[in-house]
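Undergrad: Contents of model.txt (compact mmCIF, C-alpha atoms) are below:
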```
# COMPACT_ATOMS: atom_id res chain seq x y z
CA MET U 1 36.29 58.63 -38.12
CA SER U 2 37.40 56.88 -41.34
CA THR U 3 36.98 58.32 -44.83
CA ALA U 4 34.23 55.81 -45.65
CA ALA U 5 32.33 56.75 -42.51
CA ALA U 6 32.76 60.45 -43.29
CA SER U 7 31.23 60.01 -46.75
CA LEU U 8 28.07 58.49 -45.28
CA SER U 9 26.35 61.75 -44.32
CA PRO U 10 26.06 63.12 -47.89
CA LEU U 11 24.74 59.76 -49.10
CA ILE U 12 22.17 59.54 -46.30
CA HIS U 13 21.16 63.13 -46.98
CA ARG U 14 20.52 62.29 -50.61
CA LEU U 15 18.59 59.16 -49.56
CA SER U 16 16.56 60.89 -46.85
CA GLY U 17 13.33 60.38 -48.78
CA ILE U 18 13.97 56.64 -49.11
CA TYR U 19 14.36 55.61 -45.47
CA ARG U 20 11.85 56.06 -42.69
CA ASP U 21 14.57 56.48 -40.05
CA PRO U 22 17.70 58.00 -41.68
CA GLN U 23 19.40 58.55 -38.32
CA ARG U 24 19.19 54.84 -37.48
CA VAL U 25 20.61 53.97 -40.93
CA LEU U 26 23.46 56.45 -40.45
CA ARG U 27 24.22 55.21 -36.92
CA ASP U 28 24.28 51.51 -37.87
CA ALA U 29 26.39 52.11 -41.02
CA GLU U 30 28.94 54.26 -39.13
CA SER U 31 29.17 51.62 -36.40
CA LEU U 32 29.91 48.88 -38.97
CA LEU U 33 32.44 50.95 -40.98
CA SER U 34 34.25 51.93 -37.76
CA SER U 35 34.55 48.31 -36.58
CA PRO U 36 37.52 46.04 -37.48
CA LEU U 37 35.24 43.89 -39.66
CA GLY U 38 34.07 46.86 -41.76
CA ASN U 39 37.39 48.57 -42.53
CA HIS U 40 37.34 47.29 -46.12
CA LEU U 41 33.72 48.27 -46.85
CA ARG U 42 32.83 51.39 -48.84
CA PRO U 43 29.40 53.10 -48.98
CA THR U 44 27.69 53.63 -52.29
CA THR U 45 24.21 53.70 -53.79
CA GLU U 46 22.65 51.14 -56.07
CA PRO U 47 19.13 49.82 -56.81
CA LEU U 48 18.22 46.52 -55.13
CA LEU U 49 16.86 43.88 -57.49
CA ASN U 50 14.18 41.76 -55.82
CA ASN U 51 13.49 38.10 -56.49
CA ASP U 52 10.24 38.92 -58.30
CA GLY U 53 12.12 40.97 -60.92
CA THR U 54 11.24 44.39 -59.50
CA SER U 55 13.83 46.82 -58.24
CA THR U 56 13.87 49.49 -55.56
CA PRO U 57 15.12 53.05 -55.89
CA PRO U 58 18.82 53.53 -55.22
CA VAL U 59 19.58 52.46 -51.65
CA LEU U 60 22.68 52.49 -49.45
CA VAL U 61 25.10 49.67 -50.26
CA LEU U 62 28.19 48.76 -48.20
CA SER U 63 30.47 47.09 -50.73
CA GLY U 64 33.87 45.54 -50.10
CA THR U 65 35.41 42.56 -48.35
CA LEU U 66 34.69 40.89 -45.01
CA PRO U 67 37.63 39.24 -43.18
CA MET U 68 37.15 35.63 -42.04
CA THR U 69 39.56 33.18 -40.44
CA TYR U 70 39.63 29.63 -41.81
CA ARG U 71 42.01 27.17 -40.11
CA GLY U 72 44.21 29.95 -38.79
CA VAL U 73 44.46 31.82 -42.12
CA THR U 74 42.59 35.12 -42.71
CA TYR U 75 40.75 35.48 -46.03
CA ASN U 76 38.79 38.45 -47.43
CA LEU U 77 35.33 37.57 -48.73
CA PRO U 78 33.77 40.02 -51.23
CA ILE U 79 30.26 41.05 -50.12
CA ASP U 80 27.58 43.66 -50.79
CA VAL U 81 25.26 44.74 -47.96
CA PHE U 82 22.04 46.38 -49.23
CA LEU U 83 19.91 48.38 -46.77
CA PRO U 84 16.30 48.20 -48.14
CA PRO U 85 13.91 51.15 -47.74
CA PRO U 86 12.00 49.60 -44.78
CA TYR U 87 15.26 49.19 -42.80
CA PRO U 88 15.49 48.64 -39.80
CA LEU U 89 12.03 47.03 -39.82
CA ARG U 90 13.27 44.72 -42.57
CA PRO U 91 16.69 43.01 -42.37
CA PRO U 92 19.46 43.97 -44.78
CA THR U 93 20.03 41.94 -47.95
CA VAL U 94 23.55 40.53 -48.25
CA PHE U 95 25.21 39.06 -51.35
CA VAL U 96 28.54 37.28 -51.73
CA ARG U 97 30.31 38.64 -54.85
CA PRO U 98 33.02 36.15 -55.85
CA VAL U 99 35.76 37.40 -58.17
CA ALA U 100 36.79 35.67 -61.37
CA THR U 101 39.16 33.27 -59.55
CA MET U 102 36.49 32.22 -57.03
CA ALA U 103 33.25 30.23 -57.20
CA ILE U 104 30.37 29.66 -54.78
CA ARG U 105 30.15 26.18 -53.35
CA GLU U 106 27.07 24.21 -54.29
CA ASN U 107 24.54 23.19 -51.62
CA HIS U 108 25.97 25.63 -49.11
CA ARG U 109 23.87 25.95 -45.98
CA HIS U 110 23.81 29.76 -45.86
CA VAL U 111 24.65 31.03 -49.39
CA ALA U 112 22.63 30.41 -52.54
CA LEU U 113 24.16 30.03 -55.98
CA ASP U 114 23.17 33.62 -56.80
CA GLY U 115 25.24 34.75 -53.81
CA GLN U 116 22.40 35.79 -51.48
CA VAL U 117 23.13 35.11 -47.81
CA TYR U 118 20.59 33.30 -45.57
CA LEU U 119 21.46 33.31 -41.87
CA PRO U 120 19.38 32.63 -38.74
CA TYR U 121 20.40 36.09 -37.58
CA LEU U 122 18.64 37.60 -40.62
CA HIS U 123 15.64 35.30 -40.23
CA GLU U 124 15.23 36.31 -36.57
CA TRP U 125 15.87 40.02 -37.21
CA ARG U 126 14.42 42.40 -34.61
CA PRO U 127 14.75 46.19 -35.04
CA ASN U 128 15.42 46.85 -31.38
CA THR U 129 18.00 44.11 -30.75
CA HIS U 130 19.79 43.51 -34.09
CA ASP U 131 22.23 45.71 -36.01
CA LEU U 132 24.82 45.59 -38.83
CA THR U 133 27.87 45.10 -36.59
CA GLU U 134 26.49 41.93 -35.01
CA LEU U 135 25.49 40.75 -38.49
CA ALA U 136 29.14 41.15 -39.64
CA VAL U 137 30.34 39.19 -36.59
CA TRP U 138 27.84 36.43 -37.39
CA MET U 139 28.91 36.23 -41.03
CA SER U 140 32.64 36.22 -40.19
CA SER U 141 32.17 33.42 -37.63
CA THR U 142 29.80 31.35 -39.79
CA PHE U 143 31.83 31.66 -43.01
CA GLY U 144 35.07 31.00 -41.09
CA SER U 145 33.76 27.58 -40.06
CA ASP U 146 32.08 26.87 -43.42
CA PRO U 147 33.55 28.95 -46.31
CA PRO U 148 31.00 29.69 -49.08
CA CYS U 149 33.62 30.10 -51.88
CA TYR U 150 36.59 28.22 -53.23
CA SER U 151 39.39 29.21 -55.60
CA ARG U 152 39.42 27.91 -59.17
CA PRO U 153 42.28 27.98 -61.69
CA VAL U 154 42.20 30.69 -64.34
CA ALA U 155 43.03 29.70 -67.92
CA ILE U 156 45.82 32.02 -69.25
CA SER U 157 45.99 32.44 -72.99
CA ARG U 158 49.53 32.07 -74.30
CA PRO U 159 50.68 34.86 -76.63
CA THR U 160 50.72 33.88 -80.33
CA THR U 161 53.78 34.35 -82.56
CA ASN U 162 53.47 37.63 -84.36
CA PRO U 163 54.99 38.13 -87.84
CA SER U 164 58.16 40.06 -87.99
CA PRO U 165 57.61 43.78 -88.38
CA PRO U 166 58.56 45.48 -91.64
CA SER U 167 61.83 47.30 -91.96
CA TYR U 168 61.78 50.99 -91.08
CA PRO U 169 64.46 53.57 -90.79
CA ALA U 170 66.98 53.10 -88.02
CA SER U 171 65.66 55.90 -85.92
CA VAL U 172 62.15 54.59 -86.15
CA ASN U 173 63.30 51.05 -85.53
CA SER U 174 65.22 52.01 -82.46
CA SER U 175 62.28 53.97 -81.07
CA TYR U 176 59.89 51.13 -81.73
CA GLY U 177 62.30 48.60 -80.24
CA SER U 178 62.65 50.51 -77.02
CA ASN U 179 58.84 50.78 -76.65
CA ALA U 180 58.38 47.10 -77.42
CA SER U 181 60.99 46.04 -74.91
CA ALA U 182 59.34 48.18 -72.24
CA ASN U 183 55.89 46.73 -72.99
CA SER U 184 57.26 43.20 -73.00
CA SER U 185 58.88 43.71 -69.58
CA ILE U 186 55.59 45.02 -68.18
CA ASP U 187 53.68 42.10 -69.66
CA GLU U 188 56.24 39.70 -68.23
CA GLN U 189 55.90 41.19 -64.76
CA ARG U 190 52.12 41.07 -65.01
CA ARG U 191 52.26 37.50 -66.22
CA ILE U 192 54.58 36.54 -63.37
CA GLU U 193 52.31 38.26 -60.84
CA ILE U 194 49.24 36.54 -62.27
CA GLU U 195 50.95 33.19 -62.20
CA ARG U 196 52.02 33.79 -58.63
CA GLU U 197 48.45 34.72 -57.63
CA ILE U 198 47.15 31.65 -59.46
CA ALA U 199 49.70 29.44 -57.71
CA GLU U 200 48.77 30.93 -54.35
CA ALA U 201 45.08 30.54 -55.14
CA ASN U 202 45.65 26.93 -56.24
CA ILE U 203 47.64 26.21 -53.08
CA ALA U 204 44.91 27.79 -50.97
CA ALA U 205 42.22 25.88 -52.86
CA GLU U 206 44.14 22.63 -52.50
CA ALA U 207 44.64 23.29 -48.83
CA ALA U 208 40.94 24.13 -48.49
CA ARG U 209 39.98 20.93 -50.34
CA ASN U 210 42.34 18.85 -48.22
CA ALA U 211 41.06 20.52 -45.11
CA ALA U 212 37.48 19.93 -46.22
CA ILE U 213 38.24 16.27 -46.95
CA GLU U 214 40.00 15.88 -43.61
CA GLU U 215 37.19 17.67 -41.85
CA ALA U 216 34.65 15.42 -43.58
CA ARG U 217 36.65 12.35 -42.59
CA ILE U 218 36.97 13.54 -39.00
CA GLU U 219 33.28 14.37 -38.99
CA ARG U 220 32.40 10.90 -40.31
CA GLN U 221 34.65 9.30 -37.72
CA ALA U 222 33.08 11.45 -35.03
CA GLN U 223 29.62 10.52 -36.28
CA GLU U 224 30.56 6.84 -36.34
CA LEU U 225 31.99 7.08 -32.84
CA GLN U 226 28.92 8.98 -31.72
CA ARG U 227 26.67 6.35 -33.31
CA GLN U 228 28.61 3.53 -31.63
CA HIS U 229 28.56 5.40 -28.35
CA GLU U 230 24.82 5.98 -28.66
CA GLU U 231 24.27 2.31 -29.51
CA GLN U 232 26.30 1.25 -26.49
CA LEU U 233 24.45 3.73 -24.35
CA SER U 234 21.15 2.50 -25.73
CA SER U 235 22.02 -1.14 -25.08
CA LEU U 236 23.29 -0.30 -21.61
CA ARG U 237 20.20 1.77 -20.99
CA VAL U 238 17.96 -1.08 -22.09
CA LEU U 239 19.90 -3.57 -19.96
CA ALA U 240 19.86 -1.27 -16.94
CA THR U 241 16.16 -0.58 -17.44
CA SER U 242 15.41 -4.31 -17.69
CA LYS U 243 17.42 -5.09 -14.55
CA ALA U 244 15.84 -2.20 -12.69
CA GLN U 245 12.37 -3.31 -13.76
CA ASP U 246 13.08 -6.91 -12.68
CA ARG U 247 14.42 -5.69 -9.36
CA VAL U 248 11.48 -3.37 -8.82
CA ARG U 249 9.07 -6.14 -9.84
CA LYS U 250 10.65 -8.57 -7.36
CA VAL U 251 10.62 -5.99 -4.60
CA PHE U 252 7.02 -5.09 -5.46
CA ASP U 253 5.96 -8.76 -5.45
CA GLY U 254 7.70 -9.34 -2.12
CA MET U 255 6.13 -6.26 -0.59
CA ARG U 256 2.73 -7.23 -1.98
CA ASP U 257 2.98 -10.75 -0.51
CA GLU U 258 4.19 -9.37 2.80
CA LEU U 259 1.37 -6.83 2.79
CA ARG U 260 -1.15 -9.58 2.11
CA ARG U 261 0.25 -11.62 5.00
CA GLU U 262 0.16 -8.59 7.24
CA LEU U 263 -3.44 -7.87 6.26
CA LYS U 264 -4.38 -11.49 6.86
CA ASP U 265 -2.69 -11.47 10.28
CA GLN U 266 -4.36 -8.16 11.07
CA LYS U 267 -7.75 -9.62 10.16
CA VAL U 268 -7.08 -12.67 12.36
CA LEU U 269 -5.99 -10.40 15.21
CA GLU U 270 -9.09 -8.28 14.81
CA LEU U 271 -11.30 -11.40 14.89
CA GLY U 272 -9.41 -12.61 17.96
CA LYS U 273 -9.83 -9.22 19.57
CA GLU U 274 -13.57 -9.30 18.90
CA LYS U 275 -13.83 -12.83 20.35
CA ILE U 276 -11.85 -11.84 23.42
CA GLU U 277 -14.00 -8.75 23.94
CA GLN U 278 -17.11 -10.89 23.51
CA LEU U 279 -15.78 -13.44 26.01
CA LEU U 280 -14.96 -10.65 28.43
CA ARG U 281 -18.47 -9.27 28.11
CA GLU U 282 -19.98 -12.73 28.59
CA GLY U 283 -17.68 -13.34 31.56
CA GLN U 284 -18.73 -10.02 33.10
CA LYS U 285 -22.38 -10.92 32.58
CA ARG U 286 -21.82 -14.35 34.16
CA LYS U 287 -19.94 -12.75 37.01
CA ASN U 288 -22.83 -10.35 37.67
CA LEU U 289 -25.30 -13.26 37.39
CA LEU U 290 -23.27 -15.39 39.81
CA LEU U 291 -23.09 -12.48 42.20
CA LYS U 292 -26.88 -12.12 42.07
CA GLU U 293 -27.35 -15.90 42.49
CA ASN U 294 -24.92 -15.86 45.37
CA SER U 295 -26.93 -13.09 46.98
CA SER U 296 -30.15 -15.05 46.37
CA ILE U 297 -28.57 -18.21 47.86
CA ASP U 298 -27.48 -16.23 50.91
CA GLU U 299 -31.04 -14.93 51.34
CA ALA U 300 -32.43 -18.46 50.90
CA ILE U 301 -29.94 -19.83 53.45
CA HIS U 302 -30.93 -17.09 55.86
CA SER U 303 -34.62 -17.92 55.34
CA LEU U 304 -33.93 -21.65 55.88
CA GLU U 305 -31.96 -20.95 59.02
CA THR U 306 -34.82 -18.77 60.31
CA TRP U 307 -37.34 -21.51 59.51
CA ILE U 308 -35.16 -24.19 61.09
CA ASP U 309 -34.90 -22.09 64.25
CA ALA U 310 -38.68 -21.68 64.35
CA VAL U 311 -39.21 -25.40 63.86
CA GLU U 312 -36.69 -26.27 66.56
CA GLN U 313 -38.41 -23.91 68.98
CA HIS U 314 -41.82 -25.38 68.20
CA LYS U 315 -40.41 -28.89 68.59
CA LYS U 316 -39.00 -28.02 71.97
CA LYS U 317 -42.32 -26.54 72.98
CA ILE U 318 -44.17 -29.73 71.99
CA GLU U 319 -41.63 -31.89 73.78
CA GLU U 320 -42.09 -29.78 76.91
CA GLU U 321 -45.86 -30.19 76.64
CA ASN U 322 -45.52 -33.96 76.21
CA SER U 323 -43.14 -34.23 79.10
CA SER U 324 -45.43 -32.16 81.40
CA GLY U 325 -47.83 -35.12 81.79
CA ASP U 326 -50.40 -34.44 79.10
CA LYS U 327 -52.11 -37.81 78.83
CA ASP U 328 -53.99 -37.07 75.69
CA ASP U 329 -52.06 -39.22 73.18
CA GLN U 330 -54.18 -38.05 70.31
CA ARG U 331 -52.17 -35.48 68.50
CA LYS U 332 -53.91 -32.46 67.13
CA VAL U 333 -54.17 -32.44 63.39
CA ASP U 334 -53.83 -28.70 63.14
CA VAL U 335 -50.25 -28.76 64.47
CA LEU U 336 -48.99 -31.32 61.99
CA ALA U 337 -48.41 -28.71 59.25
CA ILE U 338 -47.52 -25.10 59.94
CA PRO U 339 -47.38 -22.68 56.99
CA VAL U 340 -44.78 -19.93 57.19
CA ASP U 341 -46.35 -17.48 54.68
CA THR U 342 -49.64 -16.67 52.95
CA TYR U 343 -48.88 -18.69 49.84
CA SER U 344 -48.05 -21.79 51.90
CA ALA U 345 -51.25 -21.39 53.95
CA GLN U 346 -53.40 -21.16 50.83
CA MET U 347 -51.69 -24.18 49.26
CA LEU U 348 -52.15 -26.16 52.47
CA ALA U 349 -55.86 -25.31 52.60
CA LEU U 350 -56.40 -26.24 48.94
CA SER U 351 -54.48 -29.52 49.35
CA SER U 352 -56.49 -30.43 52.42
CA GLU U 353 -59.74 -29.65 50.62
CA THR U 354 -58.74 -31.81 47.63
CA ALA U 355 -57.80 -34.74 49.94
CA ALA U 356 -61.06 -34.40 51.88
CA ILE U 357 -63.14 -34.45 48.69
CA ASP U 358 -61.29 -37.60 47.59
CA ASP U 359 -62.22 -39.25 50.88
CA CYS U 360 -65.84 -38.12 50.60
CA ILE U 361 -66.19 -39.50 47.10
CA TYR U 362 -64.63 -42.74 48.28
CA PHE U 363 -67.18 -43.13 51.09
CA LEU U 364 -70.09 -42.17 48.79
CA ASP U 365 -68.97 -44.96 46.49
CA ARG U 366 -68.94 -47.41 49.42
CA SER U 367 -72.42 -46.28 50.44
CA LEU U 368 -73.73 -46.82 46.87
CA VAL U 369 -72.25 -50.32 46.88
CA LYS U 370 -73.90 -51.15 50.21
CA GLY U 371 -77.22 -49.75 49.04
CA ASN U 372 -77.39 -47.00 51.59
CA ILE U 373 -77.99 -44.34 48.89
CA THR U 374 -79.51 -44.43 45.47
CA LEU U 375 -77.66 -43.88 42.18
CA ASP U 376 -79.29 -40.51 41.56
CA VAL U 377 -78.13 -39.19 44.90
CA PHE U 378 -74.65 -40.58 44.29
CA LEU U 379 -74.35 -38.92 40.88
CA LYS U 380 -75.70 -35.62 42.17
CA GLU U 381 -73.30 -35.46 45.09
CA ALA U 382 -70.36 -36.77 43.02
CA ARG U 383 -70.88 -34.02 40.44
CA LYS U 384 -70.91 -31.35 43.16
CA LEU U 385 -67.81 -32.75 44.84
CA SER U 386 -65.94 -33.19 41.50
CA LYS U 387 -66.69 -29.62 40.51
CA ARG U 388 -65.49 -28.35 43.89
CA GLN U 389 -62.37 -30.57 43.68
CA PHE U 390 -61.60 -29.29 40.14
CA MET U 391 -61.80 -25.69 41.31
CA ALA U 392 -59.53 -26.47 44.27
CA LYS U 393 -56.94 -28.08 42.04
CA VAL U 394 -57.06 -25.15 39.57
CA SER U 395 -56.64 -22.69 42.43
CA SER U 396 -53.73 -24.75 43.75
CA ALA U 397 -52.04 -24.72 40.35
CA CYS U 398 -52.53 -20.95 40.05
CA ARG U 399 -51.09 -20.40 43.50
CA ASP U 400 -48.11 -22.58 42.58
CA ILE U 401 -47.51 -20.51 39.42
CA ASP U 402 -47.80 -17.26 41.38
CA LEU U 403 -45.30 -18.54 43.90
CA HIS U 404 -42.80 -19.47 41.20
CA CYS U 405 -43.21 -16.06 39.52
CA HIS U 406 -42.68 -14.34 42.84
CA LEU U 407 -39.51 -16.32 43.49
CA ARG U 408 -38.26 -15.67 39.87
CA SER U 409 -38.82 -11.92 40.24
CA THR U 410 -36.99 -12.00 43.55
CA SER U 411 -33.90 -13.85 42.27
CA SER U 412 -34.13 -12.72 38.59
CA THR U 413 -33.26 -16.33 37.71
CA SER U 414 -34.91 -19.73 37.78
CA CYS U 415 -36.54 -20.86 41.02
CA ASN U 416 -34.10 -21.72 43.74
CA PRO U 417 -34.31 -25.41 44.64
CA PHE U 418 -33.68 -24.58 48.31
CA VAL U 419 -37.01 -22.61 48.61
CA PRO U 420 -40.12 -24.83 49.18
CA SER U 421 -42.78 -24.81 46.48
CA PHE U 422 -45.87 -24.24 48.67
CA CYS U 423 -45.36 -25.13 52.38
CA HIS U 424 -43.07 -26.82 54.83
CA ILE U 425 -44.38 -30.09 56.22
CA ILE U 426 -43.46 -30.76 59.77
CA ARG U 427 -42.67 -34.34 60.36
CA LEU U 428 -44.67 -36.07 63.00
CA ILE U 429 -43.27 -35.83 66.47
```
Could I get this structure in the form of structure tokens?
TA:
Amino acid sequence: MSTAAASLSPLIHRLSGIYRDPQRVLRDAESLLSSPLGNHLRPTTEPLLNNDGTSTPPVLVLSGTLPMTYRGVTYNLPIDVFLPPPYPLRPPTVFVRPVATMAIRENHRHVALDGQVYLPYLHEWRPNTHDLTELAVWMSSTFGSDPPCYSRPVAISRPTTNPSPPSYPASVNSSYGSNASANSSIDEQRRIEIEREIAEANIAAEAARNAAIEEARIERQAQELQRQHEEQLSSLRVLATSKAQDRVRKVFDGMRDELRRELKDQKVLELGKEKIEQLLREGQKRKNLLLKENSSIDEAIHSLETWIDAVEQHKKKIEEENSSGDKDDQRKVDVLAIPVDTYSAQMLALSSETAAIDDCIYFLDRSLVKGNITLDVFLKEARKLSKRQFMAKVSSACRDIDLHCHLRSTSSTSCNPFVPSFCHIIRLI
């Protein structure tokens, strides 16, 4: 442990009533003084003057120099580190203390003109994660890249010509001369040393100024190059964005047109599909209808063939009767028409009745003309016969309608033209 670190315990013991956590203060201060950056710091006590004009009781101060490296050369920066009473809850207060040959740079980013240090590390101070050693590392790195002080020439007053001393005895003169020569040699050495320090400080200041100018020039060039690069990138970005947008727009338009065509074709195909399905349904219905009509035609053909067979047999029977020697040439009226079903028989009877009434009315009219009957009798009988004929015709029409309905219900279609409407008339033999 160094001498500075060893002298901390008595100071902390004297300041035990100032700090809330003296052990933390002692630990952090010993860690800083034992580090390479704190070798030139010495502990002491001094009141801390606040910005509002008030001051604190005497607190622990680490005073000395902090090494920093600027462009490969190590410089020692004079600083004072004050540990306020609330430490470590409150960050330490650091001041840069330039000597007579140094001055604080104006408009420095981290050091005010009064020497107080402002760093992000102090602004973001946390008691559990921050300490004095890391603060020293931060200050050495930050001030090495951006020094807060610069050297300034010191005006040296030239010695004035003194009047010649009065004459004294030889012994006194010799004694005084030896003392004067010794003092003059010491003053000469001190003057030479001061001039050498001033020359070194001026050289360092000139080098720092040249380095700062060169750094500013390099920084301006870098900023100009960065600005040009950003402008080129911006123009290229705008050009690339425009081309990409045009390409995407063309692709989108093409895809939209193609999609519209596809949708239109799909709609046409769907309509065609619906028409085809409708045609298939209609074709199936027509097929079923044709099958039913075909079945009805087959039944009608079978009925006609049966009727034709019956007629042929009856014709043969009549021919046999005629050929057997029947001499009665008068043909029977009842065999001229043969109904094959009930509807045909009814229609035949009604037709015969209507024809007979027509004949009767005709002969009544002839009798009235000849004077065989009177007009009253003619009108009376004509009314009776007309009424009877009207009823016969109505009944015939109803039977015809019933027959058509029966045939329609049988074939489920319109009446088949091959089926007779009321009866089959047998031609005269």
Undergrad: Quick one: of U:Gly283, U:Pro92, U:Gly64, U:Pro47, who's nearest to U:Asp80, counting all atoms listed in the file?
TA: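 Residue with the minimum atom-to-atom distance to U:Asp80: U:Gly64.
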Undergrad: Nearest residue to U:Ala397 out of U:Thr69, U:Val340, U:Gln346, U:Glu381, using only C-alpha atoms?
TA: U:Gln346
Undergrad: Given only C-alpha atoms as the basis, pick out the residue of U:Leu379, U:Gln389, U:Leu132, U:Ser323 nearest to U:Ser352.
TA: U:Gln389
Undergrad: Would you mind reading off the distance between atom CA of U:Ile79 and atom CA of U:Val96, one decimal, in Å?
TA: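 Those two atoms sit 4.4 Å apart.
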Undergrad: I'd like the interatomic distance between atom CA of U:Glu353 and atom CA of U:Lys384, to a tenth of an Å.
TA: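 Atom-to-atom, atom CA of U:Glu353 and atom CA of U:Lys384 are spaced 13.5 Å apart.
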Undergrad: Measuring between all atoms listed in the file, which one of U:Leu26, U:Val137, U:Ala240, U:Leu66 shows the shortest distance to U:Arg97?
TA: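 Result for the nearest residue to U:Arg97: U:Leu66.
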Undergrad: Please write stretch 17-73 of chain U of the preceding block to a file containing C-alpha atoms, as an mmCIF file, in the first residue's frame?
TA:
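And here is the file that came out, result.cif:
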```cif
data_model
loop_
_atom_site.group_PDB
_atom_site.id
_atom_site.type_symbol
_atom_site.label_atom_id
_atom_site.label_comp_id
_atom_site.auth_asym_id
_atom_site.auth_seq_id
_atom_site.Cartn_x
_atom_site.Cartn_y
_atom_site.Cartn_z
ATOM 1 C CA GLY U 17 -19.404 12.135 10.949
ATOM 2 C CA ILE U 18 -19.506 13.662 7.465
ATOM 3 C CA TYR U 19 -20.096 10.588 5.303
ATOM 4 C CA ARG U 20 -22.979 8.151 5.537
ATOM 5 C CA ASP U 21 -20.823 5.217 4.392
ATOM 6 C CA PRO U 22 -17.182 5.819 5.449
ATOM 7 C CA GLN U 23 -16.127 2.299 4.477
ATOM 8 C CA ARG U 24 -17.278 2.823 0.882
ATOM 9 C CA VAL U 25 -15.396 6.157 0.763
ATOM 10 C CA LEU U 26 -12.252 4.503 2.130
ATOM 11 C CA ARG U 27 -12.507 1.560 -0.289
ATOM 12 C CA ASP U 28 -13.026 3.718 -3.395
ATOM 13 C CA ALA U 29 -10.238 6.170 -2.445
ATOM 14 C CA GLU U 30 -7.741 3.363 -1.733
ATOM 15 C CA SER U 31 -8.632 1.705 -5.045
ATOM 16 C CA LEU U 32 -7.969 4.953 -6.965
ATOM 17 C CA LEU U 33 -4.708 5.790 -5.122
ATOM 18 C CA SER U 34 -3.426 2.235 -5.694
ATOM 19 C CA SER U 35 -4.139 2.359 -9.442
ATOM 20 C CA PRO U 36 -1.593 3.616 -12.033
ATOM 21 C CA LEU U 37 -3.770 6.670 -12.728
ATOM 22 C CA GLY U 38 -3.844 7.730 -9.058
ATOM 23 C CA ASN U 39 -0.149 7.451 -8.137
ATOM 24 C CA HIS U 40 0.269 11.238 -8.197
ATOM 25 C CA LEU U 41 -2.837 12.019 -6.128
ATOM 26 C CA ARG U 42 -2.628 12.897 -2.426
ATOM 27 C CA PRO U 43 -5.524 12.860 0.090
ATOM 28 C CA THR U 44 -6.368 15.967 2.040
ATOM 29 C CA THR U 45 -9.378 17.766 3.487
ATOM 30 C CA GLU U 46 -10.935 20.971 2.260
ATOM 31 C CA PRO U 47 -14.425 22.547 2.207
ATOM 32 C CA LEU U 48 -16.332 22.244 -1.081
ATOM 33 C CA LEU U 49 -17.691 25.523 -2.410
ATOM 34 C CA ASN U 50 -21.045 25.028 -4.152
ATOM 35 C CA ASN U 51 -22.329 27.012 -7.110
ATOM 36 C CA ASP U 52 -24.893 28.805 -4.940
ATOM 37 C CA GLY U 53 -22.133 30.300 -2.768
ATOM 38 C CA THR U 54 -22.548 27.910 0.159
ATOM 39 C CA SER U 55 -19.820 25.574 1.312
ATOM 40 C CA THR U 56 -19.779 22.156 2.920
ATOM 41 C CA PRO U 57 -17.774 21.065 5.951
ATOM 42 C CA PRO U 58 -14.271 19.822 5.200
ATOM 43 C CA VAL U 59 -14.502 16.778 2.927
ATOM 44 C CA LEU U 60 -11.982 14.341 1.457
ATOM 45 C CA VAL U 61 -10.094 15.770 -1.516
ATOM 46 C CA LEU U 62 -7.750 13.796 -3.795
ATOM 47 C CA SER U 63 -5.397 16.446 -5.154
ATOM 48 C CA GLY U 64 -2.595 15.973 -7.662
ATOM 49 C CA THR U 65 -2.101 15.186 -11.330
ATOM 50 C CA LEU U 66 -3.832 12.749 -13.689
ATOM 51 C CA PRO U 67 -1.735 11.253 -16.544
ATOM 52 C CA MET U 68 -3.186 11.503 -20.055
ATOM 53 C CA THR U 69 -1.716 10.568 -23.429
ATOM 54 C CA TYR U 70 -2.113 13.061 -26.271
ATOM 55 C CA ARG U 71 -0.697 12.041 -29.681
ATOM 56 C CA GLY U 72 1.716 9.578 -28.122
ATOM 57 C CA VAL U 73 3.022 11.994 -25.457
#
```
